[in-house]
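Shown next: run.pdb, given as PDB, C-alpha atoms.
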```pdb
ATOM      1  CA  MET A 721      54.797  57.956 137.126
ATOM      2  CA  ASP A 722      52.345  57.168 134.312
ATOM      3  CA  ASP A 723      52.238  60.847 133.343
ATOM      4  CA  ILE A 724      56.027  60.990 133.137
ATOM      5  CA  ALA A 725      56.217  57.864 130.974
ATOM      6  CA  PHE A 726      53.392  59.115 128.765
ATOM      7  CA  GLY A 727      55.074  62.519 128.383
ATOM      8  CA  TYR A 728      58.348  60.874 127.406
ATOM      9  CA  ASP A 729      56.581  58.698 124.848
ATOM     10  CA  VAL A 730      54.650  61.604 123.319
ATOM     11  CA  GLY A 731      57.733  63.841 123.194
ATOM     12  CA  TYR A 732      59.841  61.065 121.700
ATOM     13  CA  ASP A 733      57.318  60.430 118.945
ATOM     14  CA  GLN A 734      56.243  63.996 118.169
ATOM     15  CA  ASN A 735      59.837  65.217 117.927
ATOM     16  CA  GLN A 736      60.837  62.164 115.868
ATOM     17  CA  ILE A 737      63.748  61.495 118.180
ATOM     18  CA  PHE A 738      63.783  57.931 116.836
ATOM     19  CA  GLN A 739      65.523  59.425 113.791
ATOM     20  CA  TYR A 740      68.636  59.890 115.945
ATOM     21  CA  THR A 741      68.842  56.301 117.101
ATOM     22  CA  SER A 742      71.233  53.795 115.655
ATOM     23  CA  TRP A 743      72.706  50.463 116.596
ATOM     24  CA  MET A 744      76.255  49.660 115.523
ATOM     25  CA  GLY A 745      76.102  52.478 112.950
ATOM     26  CA  VAL A 746      72.811  51.304 111.442
ATOM     27  CA  PHE A 747      69.591  53.328 111.444
ATOM     28  CA  CYS A 748      67.540  51.595 114.107
ATOM     29  CA  GLN A 749      64.675  53.977 114.833
ATOM     30  CA  GLN A 750      63.945  52.206 118.110
ATOM     31  CA  ASP A 751      62.862  53.835 121.331
ATOM     32  CA  PRO A 752      65.717  53.118 123.796
ATOM     33  CA  SER A 753      63.255  52.011 126.488
ATOM     34  CA  ASP A 754      61.725  49.492 124.088
ATOM     35  CA  ALA A 755      65.176  48.334 122.982
ATOM     36  CA  PHE A 756      66.183  47.688 126.577
ATOM     37  CA  ALA A 757      63.026  45.636 127.175
ATOM     38  CA  ILE A 758      63.486  43.725 123.899
ATOM     39  CA  GLN A 759      67.091  42.756 124.667
ATOM     40  CA  ASP A 760      65.983  41.507 128.079
ATOM     41  CA  MET A 761      63.246  39.406 126.494
ATOM     42  CA  LEU A 762      65.654  37.993 123.896
ATOM     43  CA  TRP A 763      68.158  37.048 126.567
ATOM     44  CA  ARG A 764      65.535  35.361 128.746
ATOM     45  CA  VAL A 765      63.620  33.554 125.965
ATOM     46  CA  LYS A 766      66.628  32.835 123.705
ATOM     47  CA  PRO A 767      64.592  32.123 120.569
ATOM     48  CA  ASP A 768      66.361  30.323 117.758
ATOM     49  CA  LEU A 769      64.081  32.049 115.249
ATOM     50  CA  ILE A 770      62.943  35.659 115.371
ATOM     51  CA  ILE A 771      60.315  36.748 112.879
ATOM     52  CA  GLU A 772      60.212  40.525 112.607
ATOM     53  CA  ILE A 773      57.155  41.924 110.855
ATOM     54  CA  GLY A 774      58.103  45.376 109.608
ATOM     55  CA  SER A 775      61.751  45.805 108.610
ATOM     56  CA  ASN A 776      61.924  49.523 107.770
ATOM     57  CA  THR A 777      65.669  50.348 107.790
ATOM     58  CA  GLY A 778      66.646  46.828 108.861
ATOM     59  CA  GLY A 779      68.214  48.089 112.081
ATOM     60  CA  GLY A 780      65.994  45.937 114.256
ATOM     61  CA  ALA A 781      67.375  42.776 112.665
ATOM     62  CA  ILE A 782      70.941  43.928 113.336
ATOM     63  CA  PHE A 783      69.963  44.749 116.930
ATOM     64  CA  TYR A 784      68.422  41.278 117.470
ATOM     65  CA  ALA A 785      71.409  39.589 115.826
ATOM     66  CA  THR A 786      73.737  41.200 118.372
ATOM     67  CA  PHE A 787      72.190  39.105 121.132
ATOM     68  CA  MET A 788      71.369  36.013 119.110
ATOM     69  CA  LYS A 789      75.010  35.687 118.012
ATOM     70  CA  VAL A 790      75.978  35.355 121.681
ATOM     71  CA  TYR A 791      73.425  32.753 122.782
ATOM     72  CA  ASN A 792      72.868  30.926 119.455
ATOM     73  CA  PRO A 793      75.227  31.699 116.563
ATOM     74  CA  ASN A 794      73.186  29.357 114.346
ATOM     75  CA  GLY A 795      69.883  31.146 114.992
ATOM     76  CA  LYS A 796      67.886  32.831 112.248
ATOM     77  CA  ILE A 797      66.142  36.159 111.910
ATOM     78  CA  VAL A 798      63.467  36.583 109.261
ATOM     79  CA  THR A 799      62.541  40.201 108.681
ATOM     80  CA  LEU A 800      59.488  40.797 106.548
ATOM     81  CA  ASP A 801      58.215  43.983 104.936
ATOM     82  CA  VAL A 802      56.048  45.052 102.016
ATOM     83  CA  LYS A 803      58.832  47.406 100.897
ATOM     84  CA  GLU A 804      62.539  46.980 100.342
ATOM     85  CA  ILE A 805      64.851  48.087 103.160
ATOM     86  CA  SER A 806      65.017  51.873 102.993
ATOM     87  CA  ASN A 807      65.321  55.039 104.994
ATOM     88  CA  TRP A 808      61.753  56.172 104.447
ATOM     89  CA  ASN A 809      62.326  59.476 106.223
ATOM     90  CA  VAL A 810      65.220  60.894 104.214
ATOM     91  CA  ARG A 811      64.370  64.396 105.447
ATOM     92  CA  ASN A 812      65.609  63.479 108.911
ATOM     93  CA  SER A 813      68.487  61.173 107.986
ATOM     94  CA  GLU A 814      71.052  63.904 108.656
ATOM     95  CA  ARG A 815      70.114  63.542 112.324
ATOM     96  CA  CYS A 816      71.834  60.167 112.391
ATOM     97  CA  VAL A 817      75.269  61.197 111.162
ATOM     98  CA  GLY A 818      77.223  58.320 109.662
ATOM     99  CA  CYS A 819      74.338  55.869 109.867
ATOM    100  CA  VAL A 820      73.790  53.314 107.111
ATOM    101  CA  LEU A 821      71.019  50.932 106.168
ATOM    102  CA  ALA A 822      71.246  47.412 107.560
ATOM    103  CA  THR A 823      71.902  46.066 104.075
ATOM    104  CA  GLU A 824      75.304  47.792 104.268
ATOM    105  CA  HIS A 825      76.234  46.129 107.575
ATOM    106  CA  PRO A 826      78.427  42.979 107.349
ATOM    107  CA  TRP A 827      75.935  40.915 109.357
ATOM    108  CA  TRP A 828      73.228  41.432 106.729
ATOM    109  CA  GLY A 829      74.842  38.879 104.442
ATOM    110  CA  ASP A 830      76.314  36.421 106.953
ATOM    111  CA  GLY A 831      73.418  33.928 106.856
ATOM    112  CA  MET A 832      71.636  34.796 110.088
ATOM    113  CA  ILE A 833      69.358  37.538 108.739
ATOM    114  CA  HIS A 834      66.899  36.813 105.931
ATOM    115  CA  PHE A 835      64.775  39.528 104.352
ATOM    116  CA  ILE A 836      61.499  38.608 102.704
ATOM    117  CA  LYS A 837      59.528  41.173 100.755
ATOM    118  CA  GLY A 838      55.808  40.578 101.125
ATOM    119  CA  ARG A 839      52.780  40.687 103.387
ATOM    120  CA  VAL A 840      52.538  38.516 106.464
ATOM    121  CA  THR A 841      48.896  37.863 105.526
ATOM    122  CA  ASP A 842      49.935  36.290 102.192
ATOM    123  CA  LYS A 843      49.558  32.505 102.446
ATOM    124  CA  ALA A 844      52.548  31.904 100.154
ATOM    125  CA  ILE A 845      54.745  34.028 102.449
ATOM    126  CA  GLN A 846      53.443  32.176 105.525
ATOM    127  CA  ASP A 847      54.124  28.818 103.884
ATOM    128  CA  ARG A 848      57.643  29.884 102.908
ATOM    129  CA  ILE A 849      58.479  31.036 106.430
ATOM    130  CA  GLU A 850      57.059  27.816 107.879
ATOM    131  CA  LYS A 851      58.933  25.557 105.450
ATOM    132  CA  GLU A 852      62.292  27.332 105.408
ATOM    133  CA  PHE A 853      62.511  28.544 109.006
ATOM    134  CA  ALA A 854      59.748  27.849 111.546
ATOM    135  CA  SER A 855      59.625  24.091 110.983
ATOM    136  CA  LYS A 856      63.316  23.903 111.920
ATOM    137  CA  ALA A 857      63.086  26.087 115.021
ATOM    138  CA  LYS A 858      62.434  25.036 118.578
ATOM    139  CA  THR A 859      61.606  28.476 119.998
ATOM    140  CA  VAL A 860      60.101  31.187 117.796
ATOM    141  CA  LEU A 861      59.572  34.817 118.736
ATOM    142  CA  VAL A 862      57.454  37.115 116.565
ATOM    143  CA  ILE A 863      57.923  40.875 116.827
ATOM    144  CA  GLU A 864      55.205  42.863 115.065
ATOM    145  CA  ASP A 865      56.405  46.362 114.274
ATOM    146  CA  ALA A 866      54.597  47.119 111.030
ATOM    147  CA  SER A 867      51.073  48.315 111.673
ATOM    148  CA  HIS A 868      51.704  51.107 114.199
ATOM    149  CA  ARG A 869      47.990  51.150 114.971
ATOM    150  CA  TYR A 870      47.682  51.539 118.710
TER     151      TYR A 870
END
```
Represent the structure contained in this file as structure tokens.
Amino acid sequence: MDDIAFGYDVGYDQNQIFQYTSWMGVFCQQDPSDAFAIQDMLWRVKPDLIIEIGSNTGGGAIFYATFMKVYNPNGKIVTLDVKEISNWNVRNSERCVGCVLATEHPWWGDGMIHFIKGRVTDKAIQDRIEKEFASKAKTVLVIEDASHRY
């Protein structure tokens, strides 16, 4: 079984199949197996604050908001990246026909999702997140998806 899972993972990554994935019309670039596990964790933990480190296209924040809106419509998602929301792999964007960046989705501006440009290691960024979001949350979940160093 491990060989099958490993083969899937290698094939998925090497063929950049993540370029085909979307959520509600937004580039998501998320392995479906990971997405299934993440939604299960969100539903079980029900955090009222999700801190996503590594925004990329912003699709992850839209994905998390889908579940948070059901269990806590007043929850917050802070998505943090050193770069603005973008489709960094334009060469493959035609693989996701009709997809848009999260900033073009109506949920991006509805008050649940907050984008912060900066490094998670920057003390000023940490202080801002603590003051504006974490200090007001009961349950916080951090999803690190920036380093990709496994």
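Taken over the whole file, the PyMOL selection byres ((chain A and resi 832) around 6) covers exactly Lys796, Ile797, Asp830, Gly831 and Ile833 of chain A.
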Just to be explicit: take each residue in the selection above, keep C-alpha atoms, and write the result as a short mmCIF file (atom, residue, chain, number, x, y, z; two decimals), in the coordinates of the input.
```cif
data_model
loop_
_atom_site.label_atom_id
_atom_site.label_comp_id
_atom_site.auth_asym_id
_atom_site.auth_seq_id
_atom_site.Cartn_x
_atom_site.Cartn_y
_atom_site.Cartn_z
CA LYS A 796 67.89 32.83 112.25
CA ILE A 797 66.14 36.16 111.91
CA ASP A 830 76.31 36.42 106.95
CA GLY A 831 73.42 33.93 106.86
CA ILE A 833 69.36 37.54 108.74
#
```
Counting only C-alpha atoms, the option among A:Ile805, A:Ala755, A:Leu800, A:Met721 closest to Glu824 (chain A):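 Closest residue, counting only C-alpha atoms: A:Ile805.
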Check what the PyMOL selection byres ((chain A and resi 866) around 7) selects in the file above and give those residues as a list in words.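 Checked against the file, the PyMOL selection byres ((chain A and resi 866) around 7) matches Ile773, Gly774, Glu864, Asp865, Ser867 and His868 of chain A.
Once Tyr732 (chain A) and its same-chain neighbours fewer than 6 positions away are set aside, A:Ala725, A:Phe726, A:Phe738, A:Gln739, A:Tyr740, A:Thr741, A:Gln749, A:Gln750, A:Asp751, A:Pro752, A:Ser753, A:Asp754 remain within 12 Å of it when counting only C-alpha atoms.
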Once the PyMOL selection byres ((chain A and resi 764) around 12) has been applied to the shown file, what residues remain in the selection, as a list in words?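 Selected by the PyMOL selection byres ((chain A and resi 764) around 12) here: Ala757, Ile758, Gln759, Asp760, Met761, Leu762, Trp763, Val765, Lys766, Pro767, Phe787, Met788, Tyr791, Thr859 and Leu861 of chain A.
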Identify, on the basis of all atoms listed in the file, every residue whose closest approach to Gly829 (chain A) does not exceed 12 Å; exclude the query and any residue fewer than 6 positions from it along the same chain; express the result as a short mmCIF file (atom, residue, chain, number, x, y, z; two decimals) with C-alpha atoms, in the coordinates of the input.
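Generated file (part.cif):
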```
data_model
loop_
_atom_site.label_atom_id
_atom_site.label_comp_id
_atom_site.auth_asym_id
_atom_site.auth_seq_id
_atom_site.Cartn_x
_atom_site.Cartn_y
_atom_site.Cartn_z
CA ALA A 781 67.38 42.78 112.66
CA ILE A 782 70.94 43.93 113.34
CA ALA A 785 71.41 39.59 115.83
CA ILE A 797 66.14 36.16 111.91
CA ALA A 822 71.25 47.41 107.56
CA THR A 823 71.90 46.07 104.08
CA PHE A 835 64.78 39.53 104.35
#
```
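Straight-line separation from CA of Thr799 (chain A) to CA of Ile770 (chain A): 8.1 Å.
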Pick out the closest residue to His825 (chain A) from this set: A:Phe783, A:Ile737, A:Val730, A:Asp722. Count all atoms listed in the file. A:Phe783
Kindly indicate which residue among A:Thr786, A:Asn807, A:Asn794, A:Thr841 lies nearest to Phe853 (chain A), using all atoms listed in the file for the distances. A:Asn794
When you get a chance, write out all heavy atoms for region 796-807 of chain A, as a CSV table (one decimal), in the coordinates of the input.
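Saved to part.csv:
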```csv
chain,number,residue,atom,x,y,z
A,796,LYS,N,68.3,32.1,113.5
A,796,LYS,CA,67.9,32.8,112.2
A,796,LYS,C,67.0,34.0,112.6
A,796,LYS,O,66.2,33.9,113.6
A,796,LYS,CB,67.1,31.9,111.3
A,796,LYS,CG,67.9,30.7,110.9
A,796,LYS,CD,69.1,31.1,110.0
A,796,LYS,CE,69.9,29.8,109.5
A,796,LYS,NZ,71.2,30.2,109.1
A,797,ILE,N,67.0,35.0,111.8
A,797,ILE,CA,66.1,36.2,111.9
A,797,ILE,C,65.5,36.4,110.5
A,797,ILE,O,66.2,36.5,109.6
A,797,ILE,CB,66.9,37.4,112.3
A,797,ILE,CG1,67.5,37.2,113.7
A,797,ILE,CG2,66.0,38.6,112.3
A,797,ILE,CD1,68.6,38.3,114.1
A,798,VAL,N,64.2,36.3,110.5
A,798,VAL,CA,63.5,36.6,109.3
A,798,VAL,C,62.8,37.9,109.5
A,798,VAL,O,62.0,38.1,110.4
A,798,VAL,CB,62.4,35.5,109.0
A,798,VAL,CG1,61.6,35.9,107.8
A,798,VAL,CG2,63.0,34.2,108.7
A,799,THR,N,63.1,38.9,108.6
A,799,THR,CA,62.5,40.2,108.7
A,799,THR,C,61.7,40.4,107.4
A,799,THR,O,62.2,40.2,106.3
A,799,THR,CB,63.6,41.3,108.9
A,799,THR,OG1,62.9,42.5,109.1
A,799,THR,CG2,64.7,41.4,107.9
A,800,LEU,N,60.5,40.8,107.6
A,800,LEU,CA,59.5,40.8,106.5
A,800,LEU,C,58.9,42.2,106.4
A,800,LEU,O,58.5,42.8,107.4
A,800,LEU,CB,58.4,39.8,106.9
A,800,LEU,CG,57.1,39.7,106.1
A,800,LEU,CD1,57.5,39.0,104.8
A,800,LEU,CD2,56.1,38.9,106.9
A,801,ASP,N,58.8,42.7,105.2
A,801,ASP,CA,58.2,44.0,104.9
A,801,ASP,C,57.6,44.0,103.5
A,801,ASP,O,58.1,43.3,102.7
A,801,ASP,CB,59.3,45.1,105.1
A,801,ASP,CG,58.6,46.4,105.5
A,801,ASP,OD1,57.7,46.9,104.8
A,801,ASP,OD2,59.1,47.0,106.5
A,802,VAL,N,56.7,44.9,103.3
A,802,VAL,CA,56.0,45.1,102.0
A,802,VAL,C,56.9,45.9,101.1
A,802,VAL,O,56.7,45.9,99.9
A,802,VAL,CB,54.6,45.7,102.1
A,802,VAL,CG1,53.7,44.7,102.8
A,802,VAL,CG2,54.7,47.0,102.8
A,803,LYS,N,57.9,46.6,101.7
A,803,LYS,CA,58.8,47.4,100.9
A,803,LYS,C,60.3,46.9,101.1
A,803,LYS,O,60.6,46.3,102.1
A,803,LYS,CB,58.7,48.9,101.3
A,803,LYS,CG,57.4,49.5,101.1
A,803,LYS,CD,57.4,51.0,101.5
A,803,LYS,CE,57.8,51.2,103.0
A,803,LYS,NZ,57.8,52.5,103.5
A,804,GLU,N,61.1,47.3,100.2
A,804,GLU,CA,62.5,47.0,100.3
A,804,GLU,C,63.1,47.8,101.5
A,804,GLU,O,62.5,48.8,101.9
A,804,GLU,CB,63.3,47.4,99.1
A,804,GLU,CG,63.0,46.6,97.9
A,804,GLU,CD,63.4,45.1,97.9
A,804,GLU,OE1,64.4,44.8,98.7
A,804,GLU,OE2,62.8,44.3,97.3
A,805,ILE,N,64.2,47.4,102.1
A,805,ILE,CA,64.9,48.1,103.2
A,805,ILE,C,65.2,49.5,102.7
A,805,ILE,O,65.8,49.7,101.6
A,805,ILE,CB,66.1,47.4,103.6
A,805,ILE,CG1,65.9,46.0,104.1
A,805,ILE,CG2,66.9,48.2,104.6
A,805,ILE,CD1,65.0,45.9,105.3
A,806,SER,N,64.8,50.5,103.4
A,806,SER,CA,65.0,51.9,103.0
A,806,SER,C,65.0,52.8,104.2
A,806,SER,O,64.5,52.4,105.3
A,806,SER,CB,64.0,52.3,102.0
A,806,SER,OG,62.7,52.5,102.6
A,807,ASN,N,65.5,54.0,104.0
A,807,ASN,CA,65.3,55.0,105.0
A,807,ASN,C,64.2,55.9,104.5
A,807,ASN,O,64.3,56.8,103.8
A,807,ASN,CB,66.6,55.9,105.1
A,807,ASN,CG,66.5,56.9,106.2
A,807,ASN,OD1,65.5,56.9,107.0
A,807,ASN,ND2,67.3,57.9,106.2
```
